[in-house]
Structures are given as C-alpha cells and as structure tokens.
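Right, one structure below, let's go through it.
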Amino acid sequence: MQGAQTCGDLKKDSVSFYCLLLCSVAIVAGGIFYYPKWNQKDSEATLSWDVSGYYMYLPAVFIYKDVRHCSFGQKILDKYHPTPDLQQVVPLVNGNVLMKYTMGEAIIQFPFFALAHCYCLATRQFPADGFSYPYQLGIGLGMLFCSIAGLYYLRKFLLHYFTDVSVAACLLCIALASNYLNYAAIDGAMVHNAIFTGYAVCLYLSARLNKKYRRADLVLFALVSGLILLIRPAEWGVFILPFFFRRDVLLRGFRRMALYLSCLATAFVPQVVYTWLVSGRPYVDTYPNDGFDWFHPHIWHCLFSYKAGWWVYSPVMVLCIAGFAFLYQVQHRLFYPSLIFFLVSADICFSWRVWWYGASLGQRALIDAYPVLAIPLAAAVQFLFKRVLTRIVFYIFLVSCITYNLWLTAGSHKNGVIKNGEMNKAYFLAVLGKAEVSDSVLSLLDNEENLRKSEKDLATAVYAGSDSMQVLNSGNTWSHEYRFLIDNKVGWIRAAVTVKMGEKEWDIWKMRQLVLKSYSMNSPLKASFIRIDRWIRAGKTGQIFICASVPSGATDIGISAWNPGSAQKLWLRLDSIKAGQ
C-alpha cells in the first residue's frame with residue numbers, strides 16, 4: 001500500500017502533528033477567547049436556534065420528566081429567549097408535542113450536560129433548569145473538544161495514505177481556511193461539528209480494519225455510523241463508508257455483515273421508542289413544509305451565490321474537486337468511494353429547498369463531508385508539492401484563504417459585517433475586507449440597486465415638498481401611497497423620506513419597509529423595498545432614501561411604507577422624489 005510506504009509515520013514530532021496543535025489552538029482561542037458563545041445572551045447564546053432543538057431532549061428527560069408535552073418550553077423561552085417562538089417542538093393531533101430534531105446530537109452532548117447539571121445541583125449558584133450559564137458553558141466547551149477530536153482522527157486516517165507534509169497542509173486548509181473554523185470554534189454546538197468527527201472516526205476505523213480485522217473496531221464503526229444517521233437522517237453517505245473497506249472485511253462470512261447491520265440499526269432504537277411513545281407511530285415527518293427539489297438541485301446557487309455559495313465562502317475547497325484527478329493516480333482504491341460519497345452528499349445538500357440553510361456561512365451542510373473530501377484534498381496538495389513553483393503558489397493561495405476566512409468568521413459574529421442568510425452580490429462587494437458597515441450600505445441587503453444612483457445623478461424633480469408626518473404602527477399596516485406620473489424616458493427613481501423612530505424593531509421579519517413601486521396604467525411592474533429599521537436608531541430622527549431602476553413601459557410610480565407585524569411605532573414624511581436616466 002503506497003500510504004504505508006510513504007506515510008507510515010505517526011510520530012509526535014512530525015509536521016502534521018504541529019499543524020494539528022496549531023489548528024487546535026486556533027479553534028480553542030476562537031471559541032474561548034475571541035467569541036465565547038456561552039457569554040452571549042438570547043439567540044446568540046450556545047443553546048439557541050437549532051442547537052436548543054437538538055438539546056431539548058436532555059432537560060425534557062432528566063430535569064422536567066416531560067417528553068410528551070414539554071410544558072417547560074415556554075418558560076425557557078420567556079426567560080432565555082433562545083428563539084423568537086417555540087420552534088423546537090412540533091404539535092401533534094393527539095395533543096402531545098414531538099421534538100423537531102432527532103436525538104443524535106443530544107446523545108453527543110449528554111456527558112457535558114450531566115457535568116453541568118451536577119454542578120448546578122451541588123453548588124446551587126445557578127438554577128438547574130437546563131439553560132443557565134453552566135449548561136451553556138458545558139455544551140460549548142464539550143463541542144470544542146469534539147471538534148479537536150475530529151481533526152485528531154482525521155490526521156491519523158490520512159497518514160495511512162499520504163505524506164506527512166500533505167496531511168499537515170490538508171489540516172490547515174480545512175481547519176483554518178474553510179468554514180469549518182466557524183462551525184468548530186464558535187458555532188460548534190451545531191450538528192456539523194459532531195458529524196465531521198463521526199466521519200473522521202469511521203474513516204480511521206476503516207483504515208484499522210483494512211490493516212487487521214478486529215470485532216471491536218467493526219462494532220464501533222457501525223455504532224458511530226448509526227449515530228451519524230441519528231444526528232442527521234439525511235446523511236446517506238454513511239452507507240458509502242463500507243466501500244472504504246477491503247472486500248474481505250465485511251464480505252468474509254455472514255456473521256460480520258450481520259454484526260455490522262445489527263449494530264447500525266441499534267442506534268435508532270431510542271428514537272423509534274421515543275417517537276412511538278409520544279405519537280403512537282414509529283415515524284413522524286417533522287418537516288412537513290420543507291423538502292427536497294430532487295429534479296432541480298440548486299447547484300449554481302450552492303457553489304457560486306453570494307448568499308451561501310460554497311466556493312464563495314470557502315474557495316480553498318476548490319482543491320478538493322481538483323484533487324479527484326490526482327487521487328486516482330496516487331490512491332485509486334480510495335477514488336471511487338470518495339467520489340460517490342461526495343456526489344451523494346452534494347446532491348442531498350444542493351437539493352434541499354432552503355438551500356442557504358437559514359443563517360449559514362456558505363454551505364454549512366457540506367462540512368459534514370469534509371473528512372472524506374480531505375482525501376482528494378490531500379492528493380491535490382501532494383501533487384502540488386512535487387514542484388517548487390506549484391508549492392509556492394499553493395502557499396500564497398492558502399495564506400490568502402486563511403486571511404479571507406478569518407475576516408468572514410469575524411464578520412459573522414463580533415463586528416456583524418456578514419449577515420448570514422441575507423447576503424447578496426452588491427452588499428458582499430461593498431463590505432469586502434471591511435470591519436464595519438454604514439447604515440446606507442445595509443440597505444443593499446434589501447435592494448441591491450439602492451446605492452447605484454446618488455442625488456446628483458438624478459436631476460428631474462418629481463416631487464419636492466414637505467408633507468405632514470404619517471404614523472405607522474400595529475393598527476396601521478400600510479401608510480398612504482403617494483403616486484406620481486413619470487416620463488417614459490425615466491430610467492431611475494430616488495425617493496427621500498424623513499423617519500422618526502420610536503422603539504426599534506429587531507425581528508427582521510417584522511421590520512417596517514419603505515416600498516417603491518412602478519406601474520403601467522395601474523398595473524404593477526416592479527416593487528423595490530428597504531427595511532427602515534436598518535437605518536435609524538431607537539428614538540432618533542433621520543433621512544433615508546430608496547433608489548431603484550424603472551422598467552420599460554412604466555407610466556407612474558408609488559411610494560409607501562408597510563408594517564409586516566411590528567408592535568413598535570414610527571413616523572414618516574416624504575421629502576422628495578427625483579428621476580433621471
């Protein structure tokens with residue numbers, strides 16, 4: 001085996017060992033010193049959004065003894081505000097509620113939850129309610145440990161097949177230059193960190209089993225594979241993992257295959273028992289309004305969009321795809337299972353209807369597949385290291401990707417420049433490399449045209465005056481719409497409005513909007529909007545503007561404001577409208 005000849009060294013003083021230490025230090029520093037989520041509050045805390053849903057099993061079973069109704073959920077919501085509403089459970093027709101997510105991640109988190117719970121009971125310094133500070137800290141630190149364990153086992157696996165320096169560079173690419181850094185160091189309690197580690201352990205066990213069959217290794221391989229599926233049932237790549245074995249590992253006798261399948265199935269027993277106990281059925285679809293677009297996968301958007309494109313937010317991962325060409329040459333036995341695994345994982349990831357996965361820094365669902373993608377990545381690096389020139393080019397590319405990734409990671413949290421789930425091309429290019437953003441640039445998130453034309457560019461006054469203030473609140477959903485005739489040669493419209501803000505609305509889906517519409521003989525042609533609450537601070541008065549191109553055939557335009565559900569109050573006054581080419 002070529003790997004055994006060239007990379008059999010697992011020495012602690014190897015280059016890959018020091019790179020593993022460097023990556024581990026970077027992850028720990030990011031999680032503990034730069035942005036410790038357990039010190040954050042509400043929806044930025046460790047146990048918030050999806051994580052609170054994965055975790056909800058633990059307090060439900062061990063603290064409140066309430067898995068059928070989760071009556072404690074609303075109290076937790078009112079006290080800690082992990083989500084805007086109780087979205088961690090799904091109501092059933094029998095009056096019970098079912099956890100939205102499967103329990104795999106809760107099983108991973110159980111030891112850290114248990115330590116935190118024992119501490120709260122012993123010291124009584126914090127409420128033993130499952131969501132106080134020790135629980136946030138325990139889960140956060142525990143998942144940091146999980147991420148480092150994933151890199152540890154990934155290194156041990158890769159060293160069976162690739163040179164030490166190639167493995168070292170591969171670890172740097174994944175841990176420091178890709179979006180794995182964010183989901184290991186800061187958002188480590190999400191499922192991607194745990195699944196990454198699960199796949200790394202399985203790959204390492206496959207290498208051990210190929211070297212010498214041990215029943216304990218096969219049992220552990222099957223149990224970890226089942227746990228991966230229990231964390232995220234869409235991880236069908238689990239069924240490709242046995243193809244990393246030599247043929248005789250599983251196919252040599254019926255007992256081995258039966259042992260593997262029985263252990264794999266064992267992982268699902270707790271989930272089936274729980275679902276049956278609560279719903280009376282072994283399976284319930286907790287995503288009735290979501291699903292997959294199998295025949296129309298969002299390939300282009302998932303790779304290149306500014307909203308969540310994989311290669312836009314993790315350009316270093318282009319090397320993974322290029323590496324398949326070199327993998328066949330250096331480790332052809334790994335080529336086919338790696339390629340099939342990637343195609344299956346990418347198809348599932350790209351076919352999900354909400355392909356940007358909510359607030360996602362790039363394609364976070366593909367992080368799960370990074371241990372397998374590390375195989376072609378290591379092959380690509382090993383090929384590039386054969387020549388001095390390509391090695392230098394690789395180093396420059398790697399340093400650039402690490403710098404870029406650090407900016408993205410910082411921008412997603414501390415300085416808030418990156419607005420995950422909302423990004424578009426105009427806004428991305430406007431904030432690229434910056435550590436802060438102005439209110440006017442924020443408007444590009446809603447209307448990519450908003451900074452295209454300044455007041456000096458548009459010379460024709462459509463309206464210039466000062467109307468009385470209009471009030472917009474929960475009882476007044478729409479303001480008065482001002483309508484104006486325009487010349488058929490008008491190409492752009494820019495409206496300026498003075499806003500007096502009461503309390504600011506922070507829920508993005510309830511933010512008040514300034515709406516500019518183009519009509520053709522009372523038939524709507526186009527609507528552009530900006531969210532007013534992005535511009536003006538609470539209790540302040542200021543002027544905002546909205547700018548948009550006018551489609552051909554438009555005869556008049558309308559300007560109004562809409563309140564989609566905010567209980568807060570604001571006042572508006574139309575100041576001017578200008579037009580031009």
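Ordering of the structure tokens sets the chain letters (A, B, ...); residue numbers start at 1 within each chain; ligands are numbered from 1 in the order shown.
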
Closest atom pairs, residues of region 65-171 of chain A within 12 Å of region 206-216 of chain A, only C-alpha atoms, as JSON lines:
{"residue": "A:Tyr153", "atom": "CA", "partner": "A:Ala207", "partner_atom": "CA", "distance": 11.0}
{"residue": "A:Leu154", "atom": "CA", "partner": "A:Ala207", "partner_atom": "CA", "distance": 11.0}
{"residue": "A:Arg155", "atom": "CA", "partner": "A:Ala207", "partner_atom": "CA", "distance": 11.9}
{"residue": "A:Lys156", "atom": "CA", "partner": "A:Ala207", "partner_atom": "CA", "distance": 9.3}
{"residue": "A:Phe157", "atom": "CA", "partner": "A:Ala207", "partner_atom": "CA", "distance": 6.5}
{"residue": "A:Leu158", "atom": "CA", "partner": "A:Ala207", "partner_atom": "CA", "distance": 9.1}
{"residue": "A:Leu159", "atom": "CA", "partner": "A:Ala207", "partner_atom": "CA", "distance": 10.0}
{"residue": "A:His160", "atom": "CA", "partner": "A:Ala207", "partner_atom": "CA", "distance": 7.2}
{"residue": "A:Tyr161", "atom": "CA", "partner": "A:Ala207", "partner_atom": "CA", "distance": 9.2}

7 Å contact set for region 183-190 of chain A, only C-alpha atoms, chain neighbours under 4 positions out, as a list of chain:residue names: A:Ile27, A:Val28, A:Gly30, A:Gly31, A:Tyr35, A:Pro36, A:Lys37, A:Thr46, A:Val51, A:Ile139, A:Gly140, A:Met143, A:Leu144, A:Ser147, A:Asn179

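Every protein or nucleic acid residue with an atom no more than 8 Å from Met99 (chain A), counting only C-alpha atoms and leaving out same-chain residues fewer than 6 positions away, appears here: A:Gly53, A:Met56, A:Tyr57, A:Gln88, A:Val89, A:Val90.
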
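Coordinates place CA of Arg512 (chain A) at a distance of 19.9 Å from CA of Asp85 (chain A).
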
Distance query region 309-320 of chain A at most 9 Å, only C-alpha atoms, self and fewer than 6 positions along chain excluded, as a VMD selection string: chain A and resid 173 to 174 177 to 179 300 to 303 356 361 to 364 366 373 to 381 397 to 398 401 to 402 404 to 405 408

Sel. of alpha helix (DSSP H) residues, region 105-316 of chain A, as an MDAnalysis selection string: chainID A and resid 105:123 133:158 164:177 180:185 191:211 215:231 247:251 254:266 269:279 299:304 310:313

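Nearest to Ala365 (chain A) of all the residues A:Ala430, A:Val191, A:Tyr306, A:Val441 is A:Val191, counting only C-alpha atoms.
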
All strand (DSSP E or B) residues (DSSP, backbone) inside region 440-519 of chain A, as a ChimeraX atom specification: /A:460-464,470-473,476,478,482-485,492-501,513-519

Dump as a compact mmCIF listing (two decimals), in the first residue's frame, selection limited to N, CA, C and O atoms:
# COMPACT_ATOMS: atom_id res chain seq x y z
N THR A 460 -34.10 65.50 -12.38
CA THR A 460 -35.51 65.89 -12.55
C THR A 460 -36.28 65.71 -11.25
O THR A 460 -36.31 64.60 -10.69
N ALA A 461 -36.90 66.76 -10.78
CA ALA A 461 -37.69 66.69 -9.55
C ALA A 461 -39.10 66.22 -9.86
O ALA A 461 -39.85 66.89 -10.59
N VAL A 462 -39.47 65.06 -9.36
CA VAL A 462 -40.84 64.55 -9.50
C VAL A 462 -41.72 65.09 -8.38
O VAL A 462 -42.89 65.41 -8.57
N TYR A 463 -41.11 65.22 -7.21
CA TYR A 463 -41.82 65.79 -6.06
C TYR A 463 -40.80 66.47 -5.17
O TYR A 463 -39.72 65.93 -4.89
N ALA A 464 -41.11 67.66 -4.71
CA ALA A 464 -40.25 68.38 -3.77
C ALA A 464 -41.14 69.17 -2.84
O ALA A 464 -41.84 70.09 -3.27
N GLN A 470 -46.74 60.85 8.84
CA GLN A 470 -47.70 59.76 8.92
C GLN A 470 -47.23 58.78 9.98
O GLN A 470 -46.04 58.52 10.12
N VAL A 471 -48.16 58.20 10.69
CA VAL A 471 -47.85 57.24 11.74
C VAL A 471 -48.00 55.83 11.19
O VAL A 471 -48.97 55.52 10.50
N LEU A 472 -47.02 54.98 11.51
CA LEU A 472 -47.09 53.58 11.11
C LEU A 472 -46.93 52.74 12.37
O LEU A 472 -45.91 52.83 13.06
N ASN A 473 -47.96 51.95 12.71
CA ASN A 473 -47.90 51.10 13.89
C ASN A 473 -48.69 49.82 13.64
O ASN A 473 -49.10 49.55 12.50
N ASN A 476 -51.93 50.23 11.90
CA ASN A 476 -51.90 50.93 10.62
C ASN A 476 -50.85 50.24 9.75
O ASN A 476 -49.70 50.64 9.69
N TRP A 478 -50.41 49.76 6.41
CA TRP A 478 -49.89 50.49 5.25
C TRP A 478 -50.07 51.99 5.43
O TRP A 478 -51.11 52.45 5.91
N TYR A 482 -48.13 57.55 -2.08
CA TYR A 482 -48.02 58.72 -2.95
C TYR A 482 -47.79 58.23 -4.38
O TYR A 482 -46.87 57.45 -4.64
N ARG A 483 -48.60 58.69 -5.31
CA ARG A 483 -48.49 58.28 -6.72
C ARG A 483 -48.12 59.49 -7.57
O ARG A 483 -48.68 60.58 -7.42
N PHE A 484 -47.19 59.27 -8.53
CA PHE A 484 -46.71 60.35 -9.40
C PHE A 484 -46.54 59.83 -10.81
O PHE A 484 -46.01 58.72 -11.02
N LEU A 485 -46.98 60.62 -11.78
CA LEU A 485 -46.73 60.31 -13.19
C LEU A 485 -45.27 60.57 -13.52
O LEU A 485 -44.65 61.51 -13.01
N TRP A 492 -34.38 55.85 -13.70
CA TRP A 492 -34.13 55.65 -12.27
C TRP A 492 -34.98 56.61 -11.44
O TRP A 492 -35.27 57.72 -11.87
N ILE A 493 -35.36 56.16 -10.26
CA ILE A 493 -36.12 56.95 -9.30
C ILE A 493 -35.42 56.88 -7.94
O ILE A 493 -34.95 55.82 -7.52
N ARG A 494 -35.36 58.03 -7.26
CA ARG A 494 -34.77 58.08 -5.93
C ARG A 494 -35.68 58.91 -5.04
O ARG A 494 -35.93 60.08 -5.30
N ALA A 495 -36.19 58.29 -3.95
CA ALA A 495 -37.09 58.98 -3.02
C ALA A 495 -36.40 59.15 -1.68
O ALA A 495 -35.72 58.24 -1.19
N ALA A 496 -36.56 60.32 -1.07
CA ALA A 496 -36.01 60.62 0.25
C ALA A 496 -37.15 60.79 1.24
O ALA A 496 -38.14 61.47 0.95
N VAL A 497 -37.01 60.16 2.40
CA VAL A 497 -38.07 60.17 3.42
C VAL A 497 -37.44 60.45 4.78
O VAL A 497 -36.40 59.88 5.12
N THR A 498 -38.06 61.34 5.55
CA THR A 498 -37.64 61.56 6.93
C THR A 498 -38.40 60.61 7.85
O THR A 498 -39.62 60.47 7.74
N VAL A 499 -37.65 59.96 8.74
CA VAL A 499 -38.24 58.96 9.65
C VAL A 499 -37.92 59.35 11.09
O VAL A 499 -36.78 59.67 11.42
N LYS A 500 -38.94 59.34 11.94
CA LYS A 500 -38.76 59.48 13.37
C LYS A 500 -39.06 58.13 14.01
O LYS A 500 -40.19 57.64 13.92
N MET A 501 -38.05 57.54 14.63
CA MET A 501 -38.16 56.18 15.14
C MET A 501 -38.57 56.19 16.61
O MET A 501 -38.03 56.97 17.41
N GLN A 513 -40.97 48.56 6.27
CA GLN A 513 -40.34 48.67 4.96
C GLN A 513 -40.84 49.90 4.21
O GLN A 513 -42.02 50.24 4.25
N LEU A 514 -39.90 50.56 3.52
CA LEU A 514 -40.22 51.63 2.59
C LEU A 514 -40.30 51.00 1.21
O LEU A 514 -39.35 50.35 0.76
N VAL A 515 -41.42 51.14 0.53
CA VAL A 515 -41.69 50.41 -0.71
C VAL A 515 -41.83 51.39 -1.88
O VAL A 515 -42.58 52.37 -1.80
N LEU A 516 -41.10 51.13 -2.95
CA LEU A 516 -41.17 51.93 -4.18
C LEU A 516 -41.67 51.02 -5.30
O LEU A 516 -41.04 50.00 -5.61
N LYS A 517 -42.80 51.39 -5.90
CA LYS A 517 -43.42 50.56 -6.95
C LYS A 517 -43.47 51.32 -8.26
O LYS A 517 -43.63 52.54 -8.29
N SER A 518 -43.33 50.56 -9.36
CA SER A 518 -43.52 51.10 -10.71
C SER A 518 -44.78 50.50 -11.29
O SER A 518 -45.03 49.29 -11.15
N TYR A 519 -45.59 51.35 -11.95
CA TYR A 519 -46.87 50.91 -12.52
C TYR A 519 -46.92 51.23 -14.01
O TYR A 519 -46.26 52.15 -14.49

Polymer residues at most 10 Å from Ser412 (chain A), only C-alpha atoms, same-chain spacing of 5 or more positions, as a ChimeraX atom specification: /A:182,359-361,406-407,417-420

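Counting only C-alpha atoms, Val269 (chain A) has the following residues at most 12 Å away, ignoring those fewer than 4 positions along the same chain: A:Thr102, A:Met103, A:Gly104, A:Leu223, A:Gly226, A:Leu227, A:Leu230, A:Ser262, A:Cys263, A:Leu264, A:Ala265, A:Val273, A:Tyr274, A:Thr275, A:Trp276, A:Pro282, A:Tyr283.
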
With N, CA and C atoms retained, could you export that selection as a compact mmCIF listing (two decimals), in the first residue's frame?
# COMPACT_ATOMS: atom_id res chain seq x y z
N THR A 102 -34.00 14.88 15.52
CA THR A 102 -33.69 13.58 16.11
C THR A 102 -32.69 13.76 17.24
N MET A 103 -32.51 12.71 18.04
CA MET A 103 -31.80 12.85 19.31
C MET A 103 -30.30 12.59 19.25
N GLY A 104 -29.72 12.40 18.07
CA GLY A 104 -28.31 12.06 17.98
C GLY A 104 -27.39 13.09 18.61
N LEU A 223 -21.66 1.47 15.14
CA LEU A 223 -22.38 2.31 16.10
C LEU A 223 -22.20 3.80 15.78
N GLY A 226 -24.27 4.64 12.77
CA GLY A 226 -25.68 4.79 13.15
C GLY A 226 -25.93 6.10 13.88
N LEU A 227 -24.96 6.51 14.72
CA LEU A 227 -25.10 7.77 15.44
C LEU A 227 -25.10 8.96 14.49
N LEU A 230 -28.42 9.18 13.18
CA LEU A 230 -29.34 9.63 14.21
C LEU A 230 -29.21 11.13 14.44
N SER A 262 -26.72 -5.05 12.45
CA SER A 262 -27.44 -5.02 13.71
C SER A 262 -26.97 -3.88 14.60
N CYS A 263 -25.66 -3.63 14.62
CA CYS A 263 -25.14 -2.51 15.42
C CYS A 263 -25.56 -1.16 14.83
N LEU A 264 -25.59 -1.07 13.51
CA LEU A 264 -26.04 0.16 12.85
C LEU A 264 -27.49 0.46 13.20
N ALA A 265 -28.33 -0.60 13.18
CA ALA A 265 -29.75 -0.41 13.48
C ALA A 265 -29.99 -0.10 14.95
N VAL A 273 -38.41 4.35 19.83
CA VAL A 273 -39.16 4.20 21.08
C VAL A 273 -39.76 5.53 21.50
N TYR A 274 -38.95 6.59 21.44
CA TYR A 274 -39.45 7.91 21.82
C TYR A 274 -40.60 8.36 20.92
N THR A 275 -40.42 8.24 19.61
CA THR A 275 -41.45 8.69 18.67
C THR A 275 -42.74 7.90 18.86
N TRP A 276 -42.63 6.60 19.08
CA TRP A 276 -43.82 5.77 19.31
C TRP A 276 -44.50 6.16 20.62
N PRO A 282 -44.07 4.88 14.67
CA PRO A 282 -42.60 4.80 14.71
C PRO A 282 -41.90 5.95 14.01
N TYR A 283 -42.63 6.67 13.14
CA TYR A 283 -42.01 7.77 12.40
C TYR A 283 -43.04 8.87 12.17
